[in-house]
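Here the structure comes first, spelled out in structure tokens, and everything after it is commentary.
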Amino acid sequence: MSETESAVPPDSADLPDPEEAENVVYNPSEERLREFSRQLETTTEFGSPSYVSEYRSRCADRTKNAVDDDFGASDYAYFDDALDAASDEEMVCIDRRVGEHPEHSYVCRYYVPREYGRIALTLTKLLDPAPEDAEPDFLTVQLPEYDETAIRVLPDDGFTVVLGSDYSGEAKKSFLRLFMYHVKQAGGLGLHAGSKRITLEGDDGTREVGQLFLGLSATGKSTLTTHGLGLEPPEDAVMLQDDVCGLLPDGTVVGSEGRGLYLKTIGLEEEEQPETYGAVTHESAVLENVDVDEDGTVDFDSDRYTSNGRAAVLREQLDSAANGIDLENVDQVFFITRNPIMPPVARLEPEKAAAAFMLGESIETSAGDPESAGESVRVVGTNPFIVGSEGEEGNRFRELVSDLDVDCFVINTGCVGDDDPVDIRVEDSVAVLREIARGNVEWQDSEAGMTVPTEVEGVDLERLRVADNVEDHEEKMNRLRHERNEYLAGFDDLGDEIVDAVY
């Protein structure tokens, strides 16, 4: 009998009832969660807890799901081990909620050994409490001291086990991965994206513009999502969601994390990012893998443990955060890249936008693969958490943006040029977003086959002209198009019109 044939799927109903099990502390206070991990805590100069984990990034290479991967008896055995541990060990169990949209709000139940209550504490900062007496939609059991590292997901059952890793990001993404999967099952598309709403005043009165930003961690997604764009009242720009959203067929963008944000802290400076700095240094934050001395002094510039240091912060500590997390309607989508032969911004028709979605060109970050950080990478949808056919994701994206008449762009937040690169400053990207939202940008076709702006108020486009900063620009662009075309042709389910739309 083969391993697959002998496999017996686990029954999550075998998890202990947290309200009755003697080995489970159910929904303890944040203070008690902190007490459970007190021996692991360093208290910062701000009064907040700081922890150092053994694992400091996600284990993508050790993650499998039952939709995309062959599951056999050994995979299901991980769930059995997790069920046994949850019934026998001293555990903490918390119920939280992902999403607040009436049709896309899910109760998340999380089990972890008590001494790792710090991970549950981090989740309480990010996700709202679940309604009382609500039955869980998603279940995760995390056992950091398991003798090997394995993350296994049963998407249709809403059940995840995180074994052998004590990284809080695995717990967070165990629920957000399933949130995106369920949005897709409902005809929408889960996105690794930030969302913001811009309110503008014009001759026709007040209007709102919804923007989405797709990008890998550490490419500027949070910066662009939370930036106020230099607007003055009554105009403003507010952040709705920083990490994971769901685009619905009616144009609504539903958010996931209702209480907080999981922010990178490396290089954080009060002068450059005063709002973020204030939230990270508030006593309500939880720091993870940040350099904190025994006396509590915090060094955000240090990569002593990792360049993927994190802080779970409350939305209420950010002036840029809106009261809600759902965007009523999306108008513009931006793909964030750091490809040095790309212009500061280019406009894309739906097929080209879908090609950009599939290409997902960026740089590897310490959140995904620390050993490859800084190297060029392609991740479909800049979303490492896709469950199901990646080609179908691209088809769905094209259909949605076409049906909804969404304007799409690729925005470069890195630099232009190879030998002597010219930095694209934050203020350049901010001006691009603001003027595109206002509808003030005129466009023209470039010699590279892309549609680029002729002028953007506040941006010196001549300084950032690709052809002037990249030697053998035309040759390199032709080679890049060929590489892109070969890459897209490798997706069996992807529509030909998208494969042929390489820019």
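Each chain in the structure tokens gets a letter, A, B, ..., in the order shown, and its residues are numbered from 1; ligands are numbered from 1 in order too.
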
So which residues touch Asp468 of chain A within 12 Å, counting only C-alpha atoms, skipping near sequence neighbours fewer than 6 positions away, as a PDB file with C-alpha atoms, in the first residue's frame?
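Written out: part38.pdb:
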```
ATOM      1  CA  ILE A 341      16.185  49.177 -15.543  1.00  0.00           C
ATOM      2  CA  PRO A 343      11.284  53.670 -14.899  1.00  0.00           C
ATOM      3  CA  VAL A 416      17.525  53.615 -11.892  1.00  0.00           C
ATOM      4  CA  GLY A 417      20.781  52.505 -13.488  1.00  0.00           C
ATOM      5  CA  ASP A 418      23.272  49.695 -13.089  1.00  0.00           C
ATOM      6  CA  ASP A 419      26.869  50.957 -12.879  1.00  0.00           C
ATOM      7  CA  ASP A 420      26.148  54.307 -11.181  1.00  0.00           C
ATOM      8  CA  PRO A 421      22.516  54.005 -10.039  1.00  0.00           C
ATOM      9  CA  VAL A 422      20.358  57.017  -9.215  1.00  0.00           C
ATOM     10  CA  LEU A 461      12.000  62.705 -14.521  1.00  0.00           C
ATOM     11  CA  GLU A 462      15.102  63.617 -16.511  1.00  0.00           C
ATOM     12  CA  GLU A 474      17.704  48.675 -25.407  1.00  0.00           C
TER      13      GLU A 474
END
```

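The closest residue to Thr63 of chain A, picked from A:Lys173, A:Arg207, A:Lys476, A:His182 and counting only C-alpha atoms, is A:Lys173.
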
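Backbone DSSP over segment 265-327 of chain A gives strand (DSSP E) for Val286, Leu287, Glu288, Asp291, Val292, Val298, Asp299, Arg310, Ala311, Ala312, Val313 and Leu314 of chain A.
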
Atoms to include: N, CA and C atoms. Write the selected residues as a tab-separated table (two decimals), in the first residue's frame.
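Everything below was put into out_1.tsv:
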```
chain	number	residue	atom	x	y	z
A	286	VAL	N	4.99	44.84	20.79
A	286	VAL	CA	5.76	43.63	21.11
A	286	VAL	C	6.89	43.54	20.09
A	287	LEU	N	8.14	43.53	20.57
A	287	LEU	CA	9.30	43.46	19.68
A	287	LEU	C	9.80	42.04	19.57
A	288	GLU	N	10.28	41.70	18.38
A	288	GLU	CA	10.78	40.35	18.11
A	288	GLU	C	12.06	40.43	17.31
A	291	ASP	N	17.54	44.18	18.49
A	291	ASP	CA	18.68	44.25	19.41
A	291	ASP	C	18.32	45.13	20.61
A	292	VAL	N	18.14	44.48	21.77
A	292	VAL	CA	17.81	45.18	23.01
A	292	VAL	C	18.81	44.77	24.07
A	298	VAL	N	17.31	50.05	23.10
A	298	VAL	CA	16.95	49.45	21.81
A	298	VAL	C	17.80	50.06	20.70
A	299	ASP	N	18.33	49.22	19.84
A	299	ASP	CA	19.12	49.67	18.69
A	299	ASP	C	18.47	49.16	17.42
A	310	ARG	N	11.17	42.64	14.00
A	310	ARG	CA	9.77	43.01	13.83
A	310	ARG	C	9.20	43.65	15.10
A	311	ALA	N	8.10	44.36	14.90
A	311	ALA	CA	7.31	44.88	16.02
A	311	ALA	C	5.84	44.73	15.67
A	312	ALA	N	5.08	44.16	16.59
A	312	ALA	CA	3.63	44.13	16.45
A	312	ALA	C	3.10	45.37	17.14
A	313	VAL	N	2.48	46.26	16.37
A	313	VAL	CA	2.02	47.55	16.91
A	313	VAL	C	0.52	47.68	16.70
A	314	LEU	N	-0.10	48.50	17.54
A	314	LEU	CA	-1.54	48.71	17.45
A	314	LEU	C	-1.87	49.80	16.43
```

Would you mind listing, for every residue of segment 127-204 of chain A within 12 Å of segment 30-52 of chain A, the two atoms forming the shortest contact and the distance between them in Å to one decimal, using only C-alpha atoms, sorted by chain and ascending residue number, as CSV?
```
residue,atom,partner,partner_atom,distance
A:Pro129,CA,A:Glu30,CA,11.8
A:Asp166,CA,A:Val52,CA,9.6
A:Tyr167,CA,A:Val52,CA,9.3
A:Ser168,CA,A:Tyr51,CA,10.5
```

Based on the selection just made, write C-alpha atoms of those residues as a CSV table (one decimal), in the first residue's frame.
```
chain,number,residue,atom,x,y,z
A,129,PRO,CA,-10.9,39.3,19.5
A,166,ASP,CA,8.9,29.6,17.2
A,167,TYR,CA,8.6,32.5,14.6
A,168,SER,CA,5.5,34.6,15.2
```

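When only C-alpha atoms are used to measure the gap to Glu54 of chain A, the shortest distance among A:Val406, A:Leu189, A:Glu269, A:Tyr116 belongs to A:Tyr116.
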
From atom CA of Pro384 of chain A to atom CA of Arg58 of chain A the spacing works out at 10.4 Å

Practice prompt. Would you mind listing what lies within 8 Å of Asn412 of chain A as a PyMOL selection string, with only C-alpha atoms counted and same-chain residues fewer than 3 positions away left out?
Written response: chain A and resi 336-340+342-345+415+424+429

Give me, as a PyMOL selection string, the residues of segment 171-371 of chain A that a backbone DSSP run labels alpha helix (DSSP H). chain A and resi 171-185+221-226+274-280+350-359

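Among the candidates A:Val499, A:Val380, A:Ala431, A:Ala467, the residue lying nearest to Glu351 of chain A is A:Val499 (atoms considered: only C-alpha atoms).
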
Which of these residues is nearest to Cys408 of chain A, using only C-alpha atoms: A:Gly381, A:Gly215, A:Pro350, A:Gly458?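 With only C-alpha atoms as the atom set, the closest residue is A:Pro350.
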
As a list in words, please: the residues near Arg484 of chain A (cut-off 9 Å, only C-alpha atoms, same-chain neighbours under 3 positions excluded). Ala355, Leu359, Arg479, Leu480, Arg481, Tyr487, Leu488, Ala489, Val499, Val502 and Tyr503 of chain A

How would the residues just chosen look if you wrote them out with N, CA and C atoms as a short mmCIF file (atom, residue, chain, number, x, y, z; two decimals), in the first residue's frame?
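The result, written out as part-v6.cif:
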```cif
data_model
loop_
_atom_site.label_atom_id
_atom_site.label_comp_id
_atom_site.auth_asym_id
_atom_site.auth_seq_id
_atom_site.Cartn_x
_atom_site.Cartn_y
_atom_site.Cartn_z
N ALA A 355 0.35 40.38 -16.59
CA ALA A 355 1.72 39.88 -16.77
C ALA A 355 2.61 40.35 -15.62
N LEU A 359 4.65 38.08 -13.05
CA LEU A 359 6.10 38.22 -12.94
C LEU A 359 6.53 38.47 -11.50
N ARG A 479 16.51 41.66 -23.76
CA ARG A 479 16.85 40.42 -23.06
C ARG A 479 15.88 40.16 -21.90
N LEU A 480 15.50 41.23 -21.20
CA LEU A 480 14.54 41.10 -20.10
C LEU A 480 13.18 40.63 -20.61
N ARG A 481 12.73 41.18 -21.74
CA ARG A 481 11.44 40.76 -22.30
C ARG A 481 11.47 39.28 -22.66
N TYR A 487 9.49 32.87 -18.90
CA TYR A 487 8.98 32.61 -17.55
C TYR A 487 7.46 32.44 -17.57
N LEU A 488 6.76 33.36 -18.23
CA LEU A 488 5.29 33.31 -18.26
C LEU A 488 4.80 32.09 -19.03
N ALA A 489 5.55 31.69 -20.03
CA ALA A 489 5.13 30.52 -20.82
C ALA A 489 5.17 29.23 -20.00
N VAL A 499 0.46 35.92 -21.52
CA VAL A 499 1.83 35.52 -21.90
C VAL A 499 2.37 36.44 -22.98
N VAL A 502 3.90 40.65 -22.49
CA VAL A 502 5.13 41.04 -21.80
C VAL A 502 5.54 42.44 -22.20
N TYR A 503 5.95 43.24 -21.24
CA TYR A 503 6.32 44.64 -21.50
C TYR A 503 7.82 44.81 -21.36
#
```

Contact residues around Val426 of chain A with only C-alpha atoms at 10 Å, ignoring same-chain residues under 2 positions, as a PyMOL selection string: chain A and resi 220+223-224+227+413-414+423-424+428-432
